[in-house]
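Data first, discussion second: the structure below is written as structure tokens.
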Protein chains: 2
Amino acid sequence: MGFSFLILMLTIATAVASSIDNQIYLLMPHSGSSGHKHSDLNCLSWRLAVETDNLQHWTTVPEACIDYVGHYMLGKQYRQDCDFVAAEAYNYAKGLNLTGDGKDIWVFDIDETTLSNLPYYASDNVAFGAKPYNSTAFNKWVNEATAPAIPASLKLYKKLIKLGIKIVFLTGTRETVREPRAKNLKAVGYTEWEKLILKDNNFHDNSVVYKSGKRKELEEAGYRIRGNMGDQWSDLIGSNPGDRTFKLPDPMYYVG
Amino acid sequence: MGFSFLILMLTIATAVASSIDNQIYLLMPHSGSSGHKHSDLNCLSWRLAVETDNLQHWTTVPEACIDYVGHYMLGKQYRQDCDFVAAEAYNYAKGLNLTGDGKDIWVFDIDETTLSNLPYYASDNVAFGAKPYNSTAFNKWVNEATAPAIPASLKLYKKLIKLGIKIVFLTGTRETVREPRAKNLKAVGYTEWEKLILKDNNFHDNSVVYKSGKRKELEEAGYRIRGNMGDQWSDLIGSNPGDRTFKLPDPMYYVG
């Protein structure tokens, strides 16, 4: 874990360090795209509101918080926050009464839950989520299948498998990218799973409806969702949420 | 608002400043009651896990985090975090289509939502929640009816009333303290309400069951819960949560 995270950090540091510095300090004194000043925005309060689902349906990271979000995501705190949640998830999982019939499952979201898109999000054109979402560019990145693992989640994943819990990946990315997603997961250490569920290319309802429906199908097929982990509240609310949910931090984007 | 918060800060500062300093720095190097060292605990990660409901059924603030929690609660950040949530709640409320029939309500929890127990929690015997909950001492404090308002919530309360929304206070404190609670609310500016619901003296199920039941009764009586605000997730989950919920910060205690 430590090594792969080090590699991630080094990769990011090498690739984007100078551009981040330029990006952040160039953008900091600006006002928003509408000319609205953000100088009174408290970025800690903004992030807490995001993480507690008090702030919903936001589109981009406020320009005044690019610096804050960038440093958080690239620094130790993000990693430690993920470690804490994963440790708590394992504390819970190891206390479960497991039947050993192969029907106890753990649902993992993928993006910012098991795989990190930080190398993509740290680029100038994305600015940690301060630039509007660009589906073409993001899909190109996904197809490269080079996202690193989130170390805390990979460690948890391995421990859950040792406990006898089966893994289900449930992602809002589309069936068209099944191959690169599977390749990416395997390349970084997520070598096995019970199911890898991607969104049908012609499904167009929101994430809560999509994920609730898929979890319902899993339970109807006899699976017991003992844990459910995601970076978005839309991964964790709605119907059939699972016995317990775990919210990983993500101040870079909102999926409703 | 500013003035009442200033009074709160001055009251606390005068009453407990020296004892806090002693308390914090005396306790900081200690290990936990079981002898377990907490020195590797990241208090920011701990607090984020608390606020996102990743950490559940915890009993006391870790000794290693008394300093962190104390400074957070007494400092600017707690106030600004509350301001941000209240502002977002008002943004939502002012966009509502209200009928004017007196059935649109907003449910407020009381402790750490509309009233602040910070003067009590800052005392040596409580240490911002690091000492085990003492119901006798807390009830004595409640009976004094001297808790200050949380400025952000009082401001929101007044604005909601101006919009035509009726207020319902729903608290886990008992019917026996109805009089001091009402007196306390009125004294700090919460001068009117549709209902003040306290817990029956012989109700012994948990908070989620209690609050869900009361919200169900409200909806069965024809009320529409347009918003629901609390400092505990148990205020906001379960059945009949309301159209939208708002979570205020509280790193001092957990009510399940």
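How things are named: the first chain in the structure tokens is A, the next is B, and so on; residues count from 1 in each chain; ligands count from 1 in the order shown.
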Taking only C-alpha atoms into account, find every residue of chain A that has an atom no more than 8 Å from chain B, and write it out as a compact mmCIF listing (two decimals) with N, CA, C and O atoms, in the first residue's frame.
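Saved to result-v2.txt:
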# COMPACT_ATOMS: atom_id res chain seq x y z
N ASN A 42 -15.47 30.24 3.26
CA ASN A 42 -14.63 29.44 4.13
C ASN A 42 -14.56 28.03 3.54
O ASN A 42 -15.56 27.29 3.55
N LEU A 44 -13.07 25.31 4.44
CA LEU A 44 -13.27 24.21 5.39
C LEU A 44 -14.77 23.97 5.60
O LEU A 44 -15.23 22.83 5.65
N SER A 45 -15.51 25.07 5.74
CA SER A 45 -16.97 24.94 5.92
C SER A 45 -17.61 24.38 4.66
O SER A 45 -18.53 23.56 4.72
N TRP A 46 -17.11 24.83 3.52
CA TRP A 46 -17.63 24.33 2.24
C TRP A 46 -17.42 22.82 2.15
O TRP A 46 -18.34 22.07 1.82
N LEU A 48 -16.87 20.62 4.59
CA LEU A 48 -17.67 19.89 5.57
C LEU A 48 -19.12 19.77 5.09
O LEU A 48 -19.74 18.72 5.23
N ALA A 49 -19.64 20.84 4.51
CA ALA A 49 -21.02 20.82 4.00
C ALA A 49 -21.16 19.82 2.85
O ALA A 49 -22.17 19.13 2.72
N GLU A 51 -19.23 17.09 2.45
CA GLU A 51 -19.06 15.73 2.97
C GLU A 51 -20.26 15.25 3.80
O GLU A 51 -20.46 14.04 3.94
N THR A 52 -21.02 16.19 4.36
CA THR A 52 -22.19 15.81 5.16
C THR A 52 -23.49 15.87 4.34
O THR A 52 -24.57 15.71 4.90
N ASP A 53 -23.37 16.12 3.04
CA ASP A 53 -24.51 16.20 2.14
C ASP A 53 -25.43 17.38 2.42
O ASP A 53 -26.59 17.39 2.02
N ASN A 54 -24.90 18.38 3.14
CA ASN A 54 -25.68 19.60 3.34
C ASN A 54 -25.72 20.43 2.07
O ASN A 54 -26.71 21.11 1.79
N LEU A 55 -24.65 20.37 1.31
CA LEU A 55 -24.57 21.07 0.03
C LEU A 55 -24.80 20.04 -1.06
O LEU A 55 -24.05 19.06 -1.15
N GLN A 77 -3.62 14.54 4.49
CA GLN A 77 -4.90 14.46 5.19
C GLN A 77 -5.92 13.60 4.44
O GLN A 77 -6.65 12.81 5.05
N GLN A 80 -5.10 10.05 5.05
CA GLN A 80 -5.41 9.64 6.42
C GLN A 80 -6.91 9.55 6.66
O GLN A 80 -7.38 8.67 7.39
N ASP A 81 -7.66 10.45 6.02
CA ASP A 81 -9.12 10.37 6.14
C ASP A 81 -9.64 9.06 5.54
O ASP A 81 -10.52 8.41 6.11
N PHE A 84 -8.77 6.17 7.87
CA PHE A 84 -9.63 6.10 9.05
C PHE A 84 -10.96 5.40 8.71
O PHE A 84 -11.44 4.54 9.45
N VAL A 85 -11.55 5.79 7.58
CA VAL A 85 -12.84 5.19 7.18
C VAL A 85 -12.66 3.70 6.90
O VAL A 85 -13.47 2.87 7.34
N GLU A 88 -12.28 1.75 10.08
CA GLU A 88 -13.57 1.62 10.76
C GLU A 88 -14.44 0.57 10.04
O GLU A 88 -15.15 -0.21 10.68
N THR A 245 -23.21 1.65 5.66
CA THR A 245 -22.58 2.38 4.56
C THR A 245 -21.36 3.15 5.07
O THR A 245 -21.30 3.54 6.24
N PHE A 246 -20.40 3.37 4.18
CA PHE A 246 -19.19 4.12 4.51
C PHE A 246 -18.91 5.14 3.42
O PHE A 246 -18.84 4.80 2.24
N LYS A 247 -18.76 6.38 3.85
CA LYS A 247 -18.57 7.51 2.94
C LYS A 247 -17.12 7.93 2.93
O LYS A 247 -16.59 8.41 3.93
Selection near Leu98 (chain B), 9 Å with only C-alpha atoms, sequence-local residues under 5 positions removed, as a count of residues only: 4
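Looking only at region 86-221 of chain B, the set that DSSP places in strand (DSSP E or B) from backbone geometry is Asp104, Ile105, Trp106, Val107, Phe108, Asp111, Leu115, Ala149, Lys166, Ile167, Val168, Phe169, Leu170, Thr171, Gly172, Thr173, Arg174, Lys195, Leu196, Ile197, Leu198 and Lys199 of chain B.
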Let's see if you can do this: from backbone DSSP, list all alpha helix (DSSP H) residues in region 94-243 of chain A, as number ranges by chain. A: 94, 118-121, 135-144, 151-163, 178-188, 207-220
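Minimum atom-to-atom distances from A:Asn228, A:Asn143, A:Thr114, A:Ser207 to Asn240 (chain A) were compared using only C-alpha atoms, and the lowest value belongs to A:Asn228.
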So that I can check the surroundings of Asn139 (chain A), please list as an MDAnalysis selection string every protein, DNA and RNA residue that reaches within 12 Å of it, counting only C-alpha atoms and ignoring chain neighbours fewer than 5 positions away. chainID A and resid 117 120 133:134 144:145 173:174 176:178 180:181
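Comparing A:Tyr121, A:Tyr190, A:Trp58, A:Trp141 by their smallest distance to Leu160 (chain A), the closest is A:Tyr190 (using only C-alpha atoms).
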With distances taken over only C-alpha atoms, which residue among A:Ile197, A:Glu63, A:Ala147, A:Gly227 lies nearest Glu112 (chain A)?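 When distances to Glu112 (chain A) are compared using only C-alpha atoms, the smallest one comes from A:Ala147.
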Can you list, as JSON, numbers by chain, every protein, DNA or RNA residue that comes within 8 Å of Phe169 (chain B) when you count only C-alpha atoms, leaving out same-chain residues fewer than 2 positions away? {"B": [107, 108, 109, 110, 167, 171, 193, 195, 196, 197]}
Please produce a file of those selected residues containing N, CA, C and O atoms, as an mmCIF file, in the first residue's frame.
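Output file selection05.cif follows:
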data_model
loop_
_atom_site.group_PDB
_atom_site.id
_atom_site.type_symbol
_atom_site.label_atom_id
_atom_site.label_comp_id
_atom_site.auth_asym_id
_atom_site.auth_seq_id
_atom_site.Cartn_x
_atom_site.Cartn_y
_atom_site.Cartn_z
ATOM 1 N N VAL B 107 -38.568 21.151 11.266
ATOM 2 C CA VAL B 107 -38.265 20.478 12.524
ATOM 3 C C VAL B 107 -36.843 20.821 12.958
ATOM 4 O O VAL B 107 -35.889 20.623 12.191
ATOM 5 N N PHE B 108 -36.731 21.363 14.142
ATOM 6 C CA PHE B 108 -35.426 21.651 14.748
ATOM 7 C C PHE B 108 -35.240 20.753 15.962
ATOM 8 O O PHE B 108 -36.108 20.715 16.840
ATOM 9 N N ASP B 109 -34.112 20.073 16.026
ATOM 10 C CA ASP B 109 -33.659 19.514 17.288
ATOM 11 C C ASP B 109 -33.287 20.690 18.202
ATOM 12 O O ASP B 109 -33.198 21.837 17.734
ATOM 13 N N ILE B 110 -33.084 20.440 19.480
ATOM 14 C CA ILE B 110 -32.693 21.545 20.377
ATOM 15 C C ILE B 110 -31.188 21.547 20.687
ATOM 16 O O ILE B 110 -30.469 22.445 20.244
ATOM 17 N N ILE B 167 -42.646 26.364 13.073
ATOM 18 C CA ILE B 167 -41.504 25.719 13.721
ATOM 19 C C ILE B 167 -41.954 24.617 14.678
ATOM 20 O O ILE B 167 -42.856 24.822 15.492
ATOM 21 N N THR B 171 -37.141 17.298 20.614
ATOM 22 C CA THR B 171 -35.942 17.034 21.417
ATOM 23 C C THR B 171 -36.036 15.718 22.183
ATOM 24 O O THR B 171 -37.124 15.299 22.577
ATOM 25 N N TRP B 193 -43.505 28.904 18.599
ATOM 26 C CA TRP B 193 -43.403 27.607 17.925
ATOM 27 C C TRP B 193 -44.786 26.997 17.757
ATOM 28 O O TRP B 193 -45.727 27.344 18.482
ATOM 29 N N LYS B 195 -45.138 23.555 17.791
ATOM 30 C CA LYS B 195 -45.095 22.489 18.789
ATOM 31 C C LYS B 195 -43.705 22.426 19.409
ATOM 32 O O LYS B 195 -42.706 22.667 18.737
ATOM 33 N N LEU B 196 -43.704 22.053 20.673
ATOM 34 C CA LEU B 196 -42.450 21.741 21.381
ATOM 35 C C LEU B 196 -42.615 20.307 21.885
ATOM 36 O O LEU B 196 -43.372 20.064 22.824
ATOM 37 N N ILE B 197 -41.962 19.379 21.179
ATOM 38 C CA ILE B 197 -42.154 17.956 21.486
ATOM 39 C C ILE B 197 -40.978 17.434 22.305
ATOM 40 O O ILE B 197 -39.827 17.478 21.843
#
For Gly256 (chain A), work out the shell of residues within 12 Å, counting only C-alpha atoms and skipping chain neighbours fewer than 2 positions away, then give it as a PyMOL selection string. chain A and resi 53+55-59+172+205-211+231-238+253-254
For C-alpha atoms, I'd like the residues from the last selection saved as a CSV table (one decimal), in the first residue's frame.
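Writing the result to selection_13.csv gives the following:
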chain,number,residue,atom,x,y,z
A,53,ASP,CA,-24.5,16.2,2.1
A,55,LEU,CA,-24.6,21.1,0.0
A,56,GLN,CA,-26.2,19.2,-2.9
A,57,HIS,CA,-26.2,19.5,-6.7
A,58,TRP,CA,-23.1,21.7,-6.8
A,59,THR,CA,-21.4,21.7,-10.2
A,172,GLY,CA,-21.8,4.7,-12.8
A,205,ASP,CA,-32.0,8.1,-14.8
A,206,ASN,CA,-30.0,9.5,-11.9
A,207,SER,CA,-27.3,7.7,-9.8
A,208,VAL,CA,-29.5,7.1,-6.8
A,209,VAL,CA,-32.1,5.3,-9.0
A,210,TYR,CA,-29.5,3.4,-10.9
A,211,LYS,CA,-27.5,2.2,-7.8
A,231,ASP,CA,-17.4,8.6,-2.2
A,232,GLN,CA,-20.8,10.0,-3.1
A,233,TRP,CA,-24.0,10.1,-1.0
A,234,SER,CA,-25.8,8.9,-4.1
A,235,ASP,CA,-23.8,5.6,-3.7
A,236,LEU,CA,-25.2,5.2,-0.2
A,237,ILE,CA,-28.8,6.4,0.0
A,238,GLY,CA,-32.0,5.3,-1.7
A,253,TYR,CA,-17.2,16.5,-7.8
A,254,TYR,CA,-20.8,15.8,-7.0
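We find CA of Asn125 (chain B) and CA of Gly75 (chain B) to be spaced 20.3 Å apart.
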CA of Ala130 (chain A) to CA of Leu96 (chain B): how many Å, to one decimal?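 Those two atoms sit 28.4 Å apart.
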What does the distance from CA of Val188 (chain A) to CA of Leu170 (chain A) come to in Å, to one decimal? 17.5 Å
Long-range neighbours of Gly129 (chain A) as a PyMOL selection string, 9 Å cut-off, only C-alpha atoms, 5 positions minimum in chain: chain A and resi 59-62+66+69+121-122+251-253
May I have the selected residues written with all heavy atoms, as a PDB file, in the first residue's frame?
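Done, and the output landed in out-v2.pdb:
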ATOM      1  N   THR A  59     -21.923  22.073  -8.890  1.00  0.00           N
ATOM      2  CA  THR A  59     -21.374  21.665 -10.192  1.00  0.00           C
ATOM      3  C   THR A  59     -19.852  21.663 -10.242  1.00  0.00           C
ATOM      4  O   THR A  59     -19.255  20.745 -10.788  1.00  0.00           O
ATOM      5  CB  THR A  59     -21.898  22.585 -11.309  1.00  0.00           C
ATOM      6  OG1 THR A  59     -21.678  23.937 -10.896  1.00  0.00           O
ATOM      7  CG2 THR A  59     -23.374  22.360 -11.547  1.00  0.00           C
ATOM      8  N   THR A  60     -19.234  22.698  -9.667  1.00  0.00           N
ATOM      9  CA  THR A  60     -17.766  22.765  -9.692  1.00  0.00           C
ATOM     10  C   THR A  60     -17.248  23.252  -8.345  1.00  0.00           C
ATOM     11  O   THR A  60     -17.960  23.938  -7.605  1.00  0.00           O
ATOM     12  CB  THR A  60     -17.253  23.757 -10.771  1.00  0.00           C
ATOM     13  OG1 THR A  60     -17.912  25.009 -10.584  1.00  0.00           O
ATOM     14  CG2 THR A  60     -17.528  23.243 -12.177  1.00  0.00           C
ATOM     15  N   VAL A  61     -16.020  22.900  -8.053  1.00  0.00           N
ATOM     16  CA  VAL A  61     -15.344  23.427  -6.865  1.00  0.00           C
ATOM     17  C   VAL A  61     -15.228  24.944  -7.015  1.00  0.00           C
ATOM     18  O   VAL A  61     -14.831  25.425  -8.076  1.00  0.00           O
ATOM     19  CB  VAL A  61     -13.941  22.790  -6.748  1.00  0.00           C
ATOM     20  CG1 VAL A  61     -13.092  23.503  -5.696  1.00  0.00           C
ATOM     21  CG2 VAL A  61     -14.056  21.296  -6.431  1.00  0.00           C
ATOM     22  N   PRO A  62     -15.591  25.712  -5.987  1.00  0.00           N
ATOM     23  CA  PRO A  62     -15.458  27.169  -6.089  1.00  0.00           C
ATOM     24  C   PRO A  62     -13.998  27.549  -6.362  1.00  0.00           C
ATOM     25  O   PRO A  62     -13.095  26.954  -5.783  1.00  0.00           O
ATOM     26  CB  PRO A  62     -15.875  27.674  -4.691  1.00  0.00           C
ATOM     27  CG  PRO A  62     -16.644  26.557  -4.072  1.00  0.00           C
ATOM     28  CD  PRO A  62     -16.120  25.290  -4.674  1.00  0.00           C
ATOM     29  N   ILE A  66      -9.845  26.105  -4.919  1.00  0.00           N
ATOM     30  CA  ILE A  66      -8.970  25.223  -5.712  1.00  0.00           C
ATOM     31  C   ILE A  66      -7.709  24.906  -4.918  1.00  0.00           C
ATOM     32  O   ILE A  66      -7.281  23.758  -4.814  1.00  0.00           O
ATOM     33  CB  ILE A  66      -8.559  25.889  -7.047  1.00  0.00           C
ATOM     34  CG1 ILE A  66      -9.791  26.156  -7.913  1.00  0.00           C
ATOM     35  CG2 ILE A  66      -7.582  24.983  -7.806  1.00  0.00           C
ATOM     36  CD1 ILE A  66      -9.445  26.911  -9.190  1.00  0.00           C
ATOM     37  N   VAL A  69      -8.580  22.601  -1.912  1.00  0.00           N
ATOM     38  CA  VAL A  69      -8.923  21.238  -2.336  1.00  0.00           C
ATOM     39  C   VAL A  69      -7.693  20.521  -2.908  1.00  0.00           C
ATOM     40  O   VAL A  69      -7.450  19.350  -2.611  1.00  0.00           O
ATOM     41  CB  VAL A  69     -10.086  21.246  -3.359  1.00  0.00           C
ATOM     42  CG1 VAL A  69     -10.294  19.871  -3.983  1.00  0.00           C
ATOM     43  CG2 VAL A  69     -11.377  21.708  -2.689  1.00  0.00           C
ATOM     44  N   TYR A 121      -7.571  14.658 -12.241  1.00  0.00           N
ATOM     45  CA  TYR A 121      -8.172  15.842 -11.609  1.00  0.00           C
ATOM     46  C   TYR A 121      -7.151  16.925 -11.291  1.00  0.00           C
ATOM     47  O   TYR A 121      -7.489  18.096 -11.142  1.00  0.00           O
ATOM     48  CB  TYR A 121      -8.983  15.453 -10.361  1.00  0.00           C
ATOM     49  CG  TYR A 121     -10.417  15.186 -10.741  1.00  0.00           C
ATOM     50  CD1 TYR A 121     -10.794  13.950 -11.268  1.00  0.00           C
ATOM     51  CD2 TYR A 121     -11.380  16.183 -10.654  1.00  0.00           C
ATOM     52  CE1 TYR A 121     -12.100  13.724 -11.683  1.00  0.00           C
ATOM     53  CE2 TYR A 121     -12.687  15.970 -11.060  1.00  0.00           C
ATOM     54  CZ  TYR A 121     -13.034  14.739 -11.573  1.00  0.00           C
ATOM     55  OH  TYR A 121     -14.333  14.536 -11.987  1.00  0.00           O
ATOM     56  N   ALA A 122      -5.876  16.537 -11.180  1.00  0.00           N
ATOM     57  CA  ALA A 122      -4.837  17.523 -10.864  1.00  0.00           C
ATOM     58  C   ALA A 122      -4.359  18.280 -12.103  1.00  0.00           C
ATOM     59  O   ALA A 122      -3.576  19.224 -11.991  1.00  0.00           O
ATOM     60  CB  ALA A 122      -3.658  16.826 -10.192  1.00  0.00           C
ATOM     61  N   PRO A 251     -14.046  15.973  -2.297  1.00  0.00           N
ATOM     62  CA  PRO A 251     -14.416  17.384  -2.470  1.00  0.00           C
ATOM     63  C   PRO A 251     -14.260  17.856  -3.913  1.00  0.00           C
ATOM     64  O   PRO A 251     -14.307  19.059  -4.165  1.00  0.00           O
ATOM     65  CB  PRO A 251     -13.418  18.101  -1.554  1.00  0.00           C
ATOM     66  CG  PRO A 251     -12.191  17.246  -1.627  1.00  0.00           C
ATOM     67  CD  PRO A 251     -12.637  15.822  -1.891  1.00  0.00           C
ATOM     68  N   MET A 252     -14.098  16.952  -4.875  1.00  0.00           N
ATOM     69  CA  MET A 252     -13.791  17.367  -6.257  1.00  0.00           C
ATOM     70  C   MET A 252     -15.004  17.379  -7.180  1.00  0.00           C
ATOM     71  O   MET A 252     -15.035  18.120  -8.150  1.00  0.00           O
ATOM     72  CB  MET A 252     -12.691  16.481  -6.840  1.00  0.00           C
ATOM     73  CG  MET A 252     -11.406  16.500  -6.016  1.00  0.00           C
ATOM     74  SD  MET A 252      -9.995  15.752  -6.853  1.00  0.00           S
ATOM     75  CE  MET A 252     -10.580  14.056  -7.077  1.00  0.00           C
ATOM     76  N   TYR A 253     -15.975  16.538  -6.895  1.00  0.00           N
ATOM     77  CA  TYR A 253     -17.173  16.543  -7.758  1.00  0.00           C
ATOM     78  C   TYR A 253     -18.366  15.943  -7.039  1.00  0.00           C
ATOM     79  O   TYR A 253     -18.223  15.253  -6.027  1.00  0.00           O
ATOM     80  CB  TYR A 253     -16.921  15.804  -9.087  1.00  0.00           C
ATOM     81  CG  TYR A 253     -16.448  14.371  -8.957  1.00  0.00           C
ATOM     82  CD1 TYR A 253     -17.357  13.324  -8.869  1.00  0.00           C
ATOM     83  CD2 TYR A 253     -15.085  14.056  -8.954  1.00  0.00           C
ATOM     84  CE1 TYR A 253     -16.925  12.006  -8.769  1.00  0.00           C
ATOM     85  CE2 TYR A 253     -14.635  12.742  -8.854  1.00  0.00           C
ATOM     86  CZ  TYR A 253     -15.563  11.727  -8.768  1.00  0.00           C
ATOM     87  OH  TYR A 253     -15.151  10.428  -8.661  1.00  0.00           O
TER      88      TYR A 253
END
